[in-house]
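> If it helps, the file is called final11.pdb and holds PDB, C-alpha atoms, pLDDT in the B column:
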```
ATOM      1  CA  MET A   1       0.000   0.000   0.000  1.00 38.00           C
ATOM      2  CA  SER A   2       1.399   3.399  -0.940  1.00 39.00           C
ATOM      3  CA  ASN A   3       1.985   6.151   1.612  1.00 40.00           C
ATOM      4  CA  ILE A   4      -1.017   8.351   2.311  1.00 44.00           C
ATOM      5  CA  LYS A   5      -0.358  12.036   1.743  1.00 46.00           C
ATOM      6  CA  PRO A   6      -2.044  14.510   4.129  1.00 55.00           C
ATOM      7  CA  HIS A   7      -5.076  16.156   2.555  1.00 80.00           C
ATOM      8  CA  SER A   8      -4.913  13.916  -0.483  1.00 91.00           C
ATOM      9  CA  PRO A   9      -8.013  14.335  -2.679  1.00 94.00           C
ATOM     10  CA  PHE A  10      -8.472  10.575  -2.488  1.00 95.00           C
ATOM     11  CA  TRP A  11      -8.979  10.724   1.287  1.00 96.00           C
ATOM     12  CA  GLU A  12     -11.543  13.525   1.364  1.00 97.00           C
ATOM     13  CA  LEU A  13     -14.784  12.752   3.190  1.00 98.00           C
ATOM     14  CA  LEU A  14     -17.563  13.974   0.913  1.00 98.00           C
ATOM     15  CA  PRO A  15     -20.962  13.906   2.662  1.00 98.00           C
ATOM     16  CA  LEU A  16     -23.744  12.555   0.432  1.00 98.00           C
ATOM     17  CA  LYS A  17     -21.147  11.856  -2.290  1.00 98.00           C
ATOM     18  CA  GLY A  18     -18.601   9.298  -1.079  1.00 98.00           C
ATOM     19  CA  LEU A  19     -14.868   9.060  -0.408  1.00 98.00           C
ATOM     20  CA  GLY A  20     -12.745  11.085  -2.825  1.00 96.00           C
ATOM     21  CA  PRO A  21     -13.185   9.519  -6.272  1.00 96.00           C
ATOM     22  CA  ILE A  22     -15.195   6.573  -4.889  1.00 97.00           C
ATOM     23  CA  ARG A  23     -18.719   7.885  -5.226  1.00 97.00           C
ATOM     24  CA  PHE A  24     -21.904   6.445  -3.807  1.00 97.00           C
ATOM     25  CA  LEU A  25     -23.669   3.933  -6.069  1.00 96.00           C
ATOM     26  CA  THR A  26     -20.314   3.058  -7.666  1.00 95.00           C
ATOM     27  CA  ASP A  27     -20.212  -0.618  -8.619  1.00 95.00           C
ATOM     28  CA  LYS A  28     -18.321  -2.938  -6.292  1.00 93.00           C
ATOM     29  CA  SER A  29     -16.042  -4.044  -9.125  1.00 92.00           C
ATOM     30  CA  ALA A  30     -14.398  -0.584  -9.092  1.00 91.00           C
ATOM     31  CA  LEU A  31     -12.598  -1.453  -5.828  1.00 89.00           C
ATOM     32  CA  GLU A  32      -9.700  -2.967  -7.760  1.00 88.00           C
ATOM     33  CA  THR A  33      -8.943   0.477  -9.173  1.00 92.00           C
ATOM     34  CA  TYR A  34      -8.130   1.799  -5.684  1.00 93.00           C
ATOM     35  CA  ARG A  35      -6.123  -1.106  -4.291  1.00 90.00           C
ATOM     36  CA  ASP A  36      -2.961   1.039  -3.944  1.00 91.00           C
ATOM     37  CA  GLU A  37      -4.768   3.537  -1.700  1.00 93.00           C
ATOM     38  CA  LEU A  38      -7.061   1.208   0.257  1.00 93.00           C
ATOM     39  CA  GLY A  39      -4.756  -1.786   0.537  1.00 91.00           C
ATOM     40  CA  SER A  40      -5.931  -5.363   0.467  1.00 90.00           C
ATOM     41  CA  ILE A  41      -9.297  -6.760   1.507  1.00 90.00           C
ATOM     42  CA  THR A  42      -9.070  -8.159   5.038  1.00 91.00           C
ATOM     43  CA  ALA A  43     -12.622  -9.529   5.231  1.00 89.00           C
ATOM     44  CA  GLU A  44     -15.859  -9.605   3.312  1.00 87.00           C
ATOM     45  CA  GLU A  45     -19.347 -10.522   4.423  1.00 81.00           C
ATOM     46  CA  SER A  46     -22.742 -10.748   2.783  1.00 76.00           C
ATOM     47  CA  VAL A  47     -26.208 -10.573   4.281  1.00 64.00           C
ATOM     48  CA  ASN A  48     -29.545 -11.477   2.781  1.00 59.00           C
ATOM     49  CA  LEU A  49     -32.959 -12.186   4.225  1.00 57.00           C
ATOM     50  CA  GLU A  50     -32.869 -15.928   3.540  1.00 63.00           C
ATOM     51  CA  GLN A  51     -29.550 -16.306   5.368  1.00 60.00           C
ATOM     52  CA  GLN A  52     -30.850 -14.333   8.350  1.00 57.00           C
ATOM     53  CA  GLN A  53     -33.991 -16.459   8.524  1.00 59.00           C
ATOM     54  CA  GLN A  54     -32.023 -19.704   8.292  1.00 60.00           C
ATOM     55  CA  LEU A  55     -29.674 -18.559  11.053  1.00 54.00           C
ATOM     56  CA  LEU A  56     -32.679 -17.763  13.233  1.00 55.00           C
ATOM     57  CA  HIS A  57     -34.209 -21.200  12.610  1.00 58.00           C
ATOM     58  CA  ASP A  58     -30.902 -22.879  13.487  1.00 57.00           C
ATOM     59  CA  THR A  59     -30.634 -20.870  16.704  1.00 54.00           C
ATOM     60  CA  VAL A  60     -34.206 -21.692  17.734  1.00 53.00           C
ATOM     61  CA  ASN A  61     -33.652 -25.389  17.038  1.00 65.00           C
ATOM     62  CA  GLN A  62     -30.473 -25.376  19.101  1.00 57.00           C
ATOM     63  CA  PHE A  63     -32.113 -23.627  22.056  1.00 53.00           C
ATOM     64  CA  SER A  64     -35.676 -24.867  21.608  1.00 60.00           C
ATOM     65  CA  GLU A  65     -36.325 -24.978  25.352  1.00 59.00           C
ATOM     66  CA  PHE A  66     -36.007 -21.186  25.502  1.00 52.00           C
ATOM     67  CA  PHE A  67     -38.087 -20.255  22.428  1.00 57.00           C
ATOM     68  CA  SER A  68     -41.707 -20.913  21.515  1.00 65.00           C
ATOM     69  CA  GLN A  69     -43.163 -21.105  18.023  1.00 70.00           C
ATOM     70  CA  GLU A  70     -44.861 -17.785  18.731  1.00 68.00           C
ATOM     71  CA  ASP A  71     -41.478 -16.201  19.511  1.00 60.00           C
ATOM     72  CA  LEU A  72     -40.120 -17.497  16.217  1.00 58.00           C
ATOM     73  CA  ASN A  73     -43.107 -16.249  14.233  1.00 67.00           C
ATOM     74  CA  ASN A  74     -42.885 -12.782  15.790  1.00 62.00           C
ATOM     75  CA  VAL A  75     -39.208 -12.419  14.925  1.00 57.00           C
ATOM     76  CA  LEU A  76     -39.704 -13.751  11.395  1.00 57.00           C
ATOM     77  CA  GLU A  77     -42.507 -11.252  10.853  1.00 61.00           C
ATOM     78  CA  ALA A  78     -40.292  -8.390  12.022  1.00 55.00           C
ATOM     79  CA  MET A  79     -37.456  -9.575   9.789  1.00 51.00           C
ATOM     80  CA  GLN A  80     -39.804  -9.611   6.817  1.00 54.00           C
ATOM     81  CA  VAL A  81     -40.840  -6.012   7.492  1.00 50.00           C
ATOM     82  CA  ILE A  82     -37.252  -4.693   7.457  1.00 49.00           C
ATOM     83  CA  GLY A  83     -35.875  -7.350   5.149  1.00 48.00           C
ATOM     84  CA  ASP A  84     -36.075  -5.342   1.954  1.00 50.00           C
ATOM     85  CA  SER A  85     -33.793  -2.636   3.353  1.00 51.00           C
ATOM     86  CA  ARG A  86     -31.086  -5.087   4.477  1.00 55.00           C
ATOM     87  CA  ASP A  87     -31.379  -7.725   1.761  1.00 63.00           C
ATOM     88  CA  ASP A  88     -28.592  -8.228  -0.780  1.00 82.00           C
ATOM     89  CA  VAL A  89     -26.118  -6.271   1.358  1.00 87.00           C
ATOM     90  CA  SER A  90     -22.376  -6.900   1.442  1.00 90.00           C
ATOM     91  CA  LYS A  91     -19.534  -5.230   3.309  1.00 91.00           C
ATOM     92  CA  VAL A  92     -15.857  -5.129   2.350  1.00 94.00           C
ATOM     93  CA  TYR A  93     -13.176  -4.397   4.964  1.00 94.00           C
ATOM     94  CA  MET A  94      -9.881  -2.876   3.807  1.00 94.00           C
ATOM     95  CA  ASP A  95      -6.617  -2.820   5.762  1.00 91.00           C
ATOM     96  CA  ALA A  96      -6.426   0.986   5.480  1.00 94.00           C
ATOM     97  CA  GLY A  97      -9.174   1.320   8.110  1.00 95.00           C
ATOM     98  CA  ILE A  98     -12.014   1.719   5.628  1.00 96.00           C
ATOM     99  CA  SER A  99     -15.035  -0.522   5.152  1.00 95.00           C
ATOM    100  CA  LEU A 100     -17.484  -0.131   2.303  1.00 96.00           C
ATOM    101  CA  GLU A 101     -21.073  -1.323   2.361  1.00 94.00           C
ATOM    102  CA  TYR A 102     -22.845  -2.239  -0.848  1.00 95.00           C
ATOM    103  CA  LYS A 103     -26.468  -2.948  -1.667  1.00 92.00           C
ATOM    104  CA  ALA A 104     -26.991  -4.837  -4.914  1.00 91.00           C
ATOM    105  CA  ASN A 105     -23.258  -4.196  -5.543  1.00 92.00           C
ATOM    106  CA  GLN A 106     -23.699  -0.410  -5.357  1.00 95.00           C
ATOM    107  CA  LEU A 107     -21.865   1.608  -2.694  1.00 96.00           C
ATOM    108  CA  VAL A 108     -24.213   2.986  -0.014  1.00 96.00           C
ATOM    109  CA  GLU A 109     -21.986   3.555   3.053  1.00 96.00           C
ATOM    110  CA  VAL A 110     -18.383   4.379   3.921  1.00 97.00           C
ATOM    111  CA  PHE A 111     -17.093   3.619   7.423  1.00 96.00           C
ATOM    112  CA  ALA A 112     -13.666   4.657   8.718  1.00 97.00           C
ATOM    113  CA  ASP A 113     -11.775   3.983  11.933  1.00 95.00           C
ATOM    114  CA  ASP A 114      -8.703   5.722  13.324  1.00 94.00           C
ATOM    115  CA  ARG A 115      -6.342   3.713  11.104  1.00 94.00           C
ATOM    116  CA  ALA A 116      -7.465   5.908   8.188  1.00 96.00           C
ATOM    117  CA  LYS A 117      -4.893   8.570   9.076  1.00 93.00           C
ATOM    118  CA  GLY A 118      -5.271  10.517   5.846  1.00 94.00           C
ATOM    119  CA  LEU A 119      -9.044  10.955   6.062  1.00 96.00           C
ATOM    120  CA  HIS A 120     -10.003  14.632   6.108  1.00 97.00           C
ATOM    121  CA  PHE A 121     -12.962  16.950   5.660  1.00 96.00           C
ATOM    122  CA  GLN A 122     -12.098  19.882   3.402  1.00 94.00           C
ATOM    123  CA  GLY A 123      -8.470  19.738   4.537  1.00 93.00           C
ATOM    124  CA  MET A 124      -9.112  19.191   8.266  1.00 95.00           C
ATOM    125  CA  PRO A 125      -7.909  15.757   9.465  1.00 96.00           C
ATOM    126  CA  LEU A 126     -10.668  13.658  11.004  1.00 96.00           C
ATOM    127  CA  PHE A 127      -8.598  11.741  13.531  1.00 96.00           C
ATOM    128  CA  ALA A 128      -5.797  14.215  14.331  1.00 94.00           C
ATOM    129  CA  SER A 129      -7.811  17.393  14.971  1.00 95.00           C
ATOM    130  CA  ASP A 130      -9.262  18.741  18.196  1.00 94.00           C
ATOM    131  CA  PRO A 131     -12.745  17.156  18.229  1.00 95.00           C
ATOM    132  CA  LYS A 132     -14.594  20.334  19.228  1.00 93.00           C
ATOM    133  CA  GLU A 133     -12.859  22.348  16.507  1.00 94.00           C
ATOM    134  CA  LEU A 134     -13.574  19.571  14.022  1.00 96.00           C
ATOM    135  CA  VAL A 135     -17.296  19.481  14.841  1.00 96.00           C
ATOM    136  CA  ILE A 136     -17.538  23.282  14.657  1.00 94.00           C
ATOM    137  CA  TYR A 137     -15.733  23.300  11.308  1.00 95.00           C
ATOM    138  CA  ILE A 138     -17.929  20.578   9.813  1.00 97.00           C
ATOM    139  CA  SER A 139     -21.036  22.340  11.128  1.00 95.00           C
ATOM    140  CA  LYS A 140     -20.067  25.643   9.549  1.00 94.00           C
ATOM    141  CA  GLN A 141     -19.148  24.106   6.206  1.00 96.00           C
ATOM    142  CA  LEU A 142     -22.327  22.021   6.016  1.00 97.00           C
ATOM    143  CA  ASN A 143     -24.489  24.779   7.504  1.00 95.00           C
ATOM    144  CA  GLU A 144     -26.027  22.220   9.855  1.00 96.00           C
ATOM    145  CA  ILE A 145     -26.088  22.109  13.658  1.00 94.00           C
ATOM    146  CA  PRO A 146     -25.384  18.531  14.759  1.00 95.00           C
ATOM    147  CA  CYS A 147     -27.221  16.543  17.382  1.00 94.00           C
ATOM    148  CA  ILE A 148     -25.772  14.197  19.978  1.00 93.00           C
ATOM    149  CA  LYS A 149     -26.686  11.219  22.109  1.00 91.00           C
ATOM    150  CA  ASP A 150     -24.156   9.542  24.388  1.00 91.00           C
ATOM    151  CA  GLU A 151     -21.040   9.150  22.195  1.00 92.00           C
ATOM    152  CA  GLU A 152     -22.555   9.671  18.754  1.00 94.00           C
ATOM    153  CA  ILE A 153     -22.737  12.995  16.928  1.00 95.00           C
ATOM    154  CA  ALA A 154     -25.088  13.082  13.955  1.00 96.00           C
ATOM    155  CA  PHE A 155     -25.449  15.454  11.028  1.00 97.00           C
ATOM    156  CA  PRO A 156     -28.747  13.923   9.878  1.00 95.00           C
ATOM    157  CA  GLU A 157     -29.275  16.200   6.873  1.00 96.00           C
ATOM    158  CA  HIS A 158     -25.983  14.899   5.479  1.00 97.00           C
ATOM    159  CA  ASN A 159     -26.214  11.297   6.802  1.00 97.00           C
ATOM    160  CA  LEU A 160     -22.903  11.759   8.627  1.00 98.00           C
ATOM    161  CA  PHE A 161     -22.160  10.171  12.023  1.00 97.00           C
ATOM    162  CA  LEU A 162     -19.126  10.603  14.304  1.00 97.00           C
ATOM    163  CA  PHE A 163     -18.541   8.275  17.246  1.00 95.00           C
ATOM    164  CA  SER A 164     -16.443   8.912  20.387  1.00 94.00           C
ATOM    165  CA  PHE A 165     -15.247  12.377  19.353  1.00 96.00           C
ATOM    166  CA  LEU A 166     -17.348  14.035  22.073  1.00 95.00           C
ATOM    167  CA  ILE A 167     -19.307  12.382  24.882  1.00 92.00           C
ATOM    168  CA  GLU A 168     -22.548  13.776  26.229  1.00 87.00           C
ATOM    169  CA  GLN A 169     -22.561  14.701  29.922  1.00 84.00           C
ATOM    170  CA  PRO A 170     -25.412  15.530  32.350  1.00 81.00           C
ATOM    171  CA  GLY A 171     -26.835  19.027  32.047  1.00 73.00           C
ATOM    172  CA  GLY A 172     -26.026  19.428  28.366  1.00 70.00           C
ATOM    173  CA  ALA A 173     -22.257  19.481  28.826  1.00 79.00           C
ATOM    174  CA  TYR A 174     -19.824  17.253  26.953  1.00 86.00           C
ATOM    175  CA  LYS A 175     -16.247  16.040  27.155  1.00 90.00           C
ATOM    176  CA  GLU A 176     -13.715  14.763  24.663  1.00 92.00           C
ATOM    177  CA  GLY A 177     -14.080  11.076  23.859  1.00 91.00           C
ATOM    178  CA  LYS A 178     -11.321   8.510  23.796  1.00 89.00           C
ATOM    179  CA  LYS A 179      -9.043   8.828  20.778  1.00 88.00           C
ATOM    180  CA  LYS A 180      -8.781   5.073  20.400  1.00 88.00           C
ATOM    181  CA  GLY A 181     -11.927   3.692  18.868  1.00 88.00           C
ATOM    182  CA  ARG A 182     -13.154   6.839  17.119  1.00 95.00           C
ATOM    183  CA  THR A 183     -15.089   6.136  13.952  1.00 96.00           C
ATOM    184  CA  VAL A 184     -16.994   8.020  11.297  1.00 97.00           C
ATOM    185  CA  SER A 185     -19.598   6.771   8.844  1.00 96.00           C
ATOM    186  CA  TRP A 186     -21.528   8.428   6.065  1.00 98.00           C
ATOM    187  CA  TRP A 187     -24.323   7.235   3.799  1.00 97.00           C
ATOM    188  CA  ASN A 188     -25.831   8.082   0.442  1.00 96.00           C
ATOM    189  CA  SER A 189     -29.278   8.229   2.101  1.00 93.00           C
ATOM    190  CA  ALA A 190     -30.786   7.865   5.573  1.00 90.00           C
ATOM    191  CA  ARG A 191     -29.147   4.883   7.256  1.00 84.00           C
ATOM    192  CA  PRO A 192     -31.513   1.902   7.170  1.00 79.00           C
ATOM    193  CA  TYR A 193     -30.768   0.852  10.728  1.00 69.00           C
ATOM    194  CA  GLY A 194     -29.459   2.430  13.900  1.00 66.00           C
ATOM    195  CA  GLU A 195     -30.982   4.324  16.752  1.00 68.00           C
ATOM    196  CA  ASP A 196     -33.974   6.585  16.199  1.00 76.00           C
ATOM    197  CA  LEU A 197     -32.646  10.141  15.988  1.00 82.00           C
ATOM    198  CA  SER A 198     -35.696  11.457  17.821  1.00 84.00           C
ATOM    199  CA  GLY A 199     -33.809  10.549  20.997  1.00 86.00           C
ATOM    200  CA  TYR A 200     -30.954  12.917  20.092  1.00 90.00           C
ATOM    201  CA  HIS A 201     -30.802  16.634  20.871  1.00 88.00           C
ATOM    202  CA  LEU A 202     -28.944  19.592  19.407  1.00 90.00           C
ATOM    203  CA  LEU A 203     -25.317  19.728  20.462  1.00 89.00           C
ATOM    204  CA  ASP A 204     -24.856  22.616  22.884  1.00 76.00           C
ATOM    205  CA  ILE A 205     -21.581  23.929  21.527  1.00 70.00           C
ATOM    206  CA  SER A 206     -20.333  27.395  20.643  1.00 67.00           C
ATOM    207  CA  PHE A 207     -20.248  28.019  16.909  1.00 46.00           C
ATOM    208  CA  ASN A 208     -18.908  31.558  17.170  1.00 44.00           C
TER     209      ASN A 208
END
```
Rewrite the structure from the file as structure tokens, please.

Amino acid sequence: MSNIKPHSPFWELLPLKGLGPIRFLTDKSALETYRDELGSITAEESVNLEQQQQLLHDTVNQFSEFFSQEDLNNVLEAMQVIGDSRDDVSKVYMDAGISLEYKANQLVEVFADDRAKGLHFQGMPLFASDPKELVIYISKQLNEIPCIKDEEIAFPEHNLFLFSFLIEQPGGAYKEGKKKGRTVSWWNSARPYGEDLSGYHLLDISFN
């Protein structure tokens, strides 16, 4: 894998668009083009409704004394309701700290952890900047006030989510999160799973 240059156009986080030249809805086959930047594939997984249902049946059969047929039917019904949104989904993990989620082989999400040292937003490094300054900068550039719950900061209008940069405290205060384990994810549309954002509130932070 080649060295990552700071503020490289390839490593720019582009909300609603993708990662540098890798744009949302790009076909999965295009990954080979960016092997020098992203490194090798470390893991790959696929999910579809039939596999999820079979796994559930196997689990129920193995622990039949704990589950009734009614329990199974209720879960299967719920899986059917959300199945369309999570069917035909695959995720590719790269050794540069990036994972890419595809639906029907089209890119729908980019996820990065703190190994992606070159990742930046309009020239500001994601994992090497002061988290408060980073959030303020992103907010100003996107013209969106973020919301927060526990350790997750969300820019819902731009489907952008930062984890462990700031941690919510009682009384509306916050503190800096742990540097190890920080992640960021962004989607081409509203994320199909995750916590309901109605439980979040506007981040009480100075934007002056």
> So which residues touch Leu197 in chain A within 10 Å, counting all atoms listed in the file, skipping near sequence neighbours fewer than 6 positions away, as a PyMOL selection string?
chain A and resi 147-149+154+156
> What is the CA of Gln106 in chain A to CA of Leu162 in chain A distance in Å?
23.0 Å
> Using all atoms listed in the file, which residues sit within 9 Å of Ala116 in chain A once same-chain residues fewer than 2 positions away are excluded, as a list in words?
Trp11, Ala96, Gly97, Ile98, Ala112, Asp113, Asp114, Gly118, Leu119, Leu126 and Phe127 of chain A
> At most 10 Å from (-23.4, 13.5, 2.9), file frame, all atoms listed in the file: which residues, as a list of chain:residue names?
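Final list of nearby residues, as requested, is A:Leu13, A:Leu14, A:Pro15, A:Leu16, A:Lys17, A:Gly18, A:Phe24, A:Leu142, A:Phe155, A:Pro156, A:Glu157, A:His158, A:Asn159, A:Leu160, A:Phe161, A:Ser185, A:Trp186, A:Trp187, A:Asn188, A:Ser189, A:Ala190.
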> Determine the residue set returned by the PyMOL selection byres ((chain A and resi 136) around 9) for the present structure, and present it as a PyMOL selection string.
chain A and resi 131-135+137-141+145+205-208
> What is the CA of Ser40 in chain A to CA of Glu101 in chain A distance in Å?
15.8 Å
> Using all atoms listed in the file, give me every residue within 9 Å of (-17.9, -10.8, 6.6) in file coordinates, as a list in words.
Ala43, Glu44, Glu45, Ser46, Val47, Ser90, Lys91, Val92 and Tyr93 of chain A
> As an exercise, work out the distance from CA of Lys28 in chain A to CA of Tyr102 in chain A in Å and give it to one decimal place.
7.1 Å
> Pick from A:Leu203, A:Glu144, A:Ser198, A:Glu151: nearest to Ala173 in chain A, with all atoms listed in the file counted?
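Closest residue, counting all atoms listed in the file: A:Leu203.
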> Of the residues A:Arg182, A:Pro125, A:Glu168, A:Glu176, which is the one nearest to Phe111 in chain A, using all atoms listed in the file?
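Of the candidates, the smallest distance to Phe111 in chain A is held by A:Arg182.
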> Given all atoms listed in the file as the basis, pick out the residue of A:Leu25, A:Met124, A:Leu166, A:Leu31 nearest to Lys103 in chain A.
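For Lys103 in chain A, the nearest of the candidates is A:Leu25.
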> My list of candidates is A:Gly172, A:Thr42, A:Ile153, A:Met94. Which is closest to Val110 in chain A when distances are computed with all atoms listed in the file?
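Checking each of A:Gly172, A:Thr42, A:Ile153, A:Met94 against Val110 in chain A, counting all atoms listed in the file, the winner is A:Met94.
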> Around range 119-122 of chain A, fit a box with edges along x, y and z, padding it by 5 Å on each side, then list its centre and edge lengths in Å to one decimal as lines of an AutoDock Vina configuration file.

```
center_x = -11.0
center_y = 15.4
center_z = 4.8
size_x = 13.9
size_y = 18.9
size_z = 12.7
```
> Of the candidates A:Glu37, A:Glu32, A:Asp27, A:Asp88, which shows the shortest atom-to-atom distance to Pro9 in chain A, using all atoms listed in the file?
A:Glu37
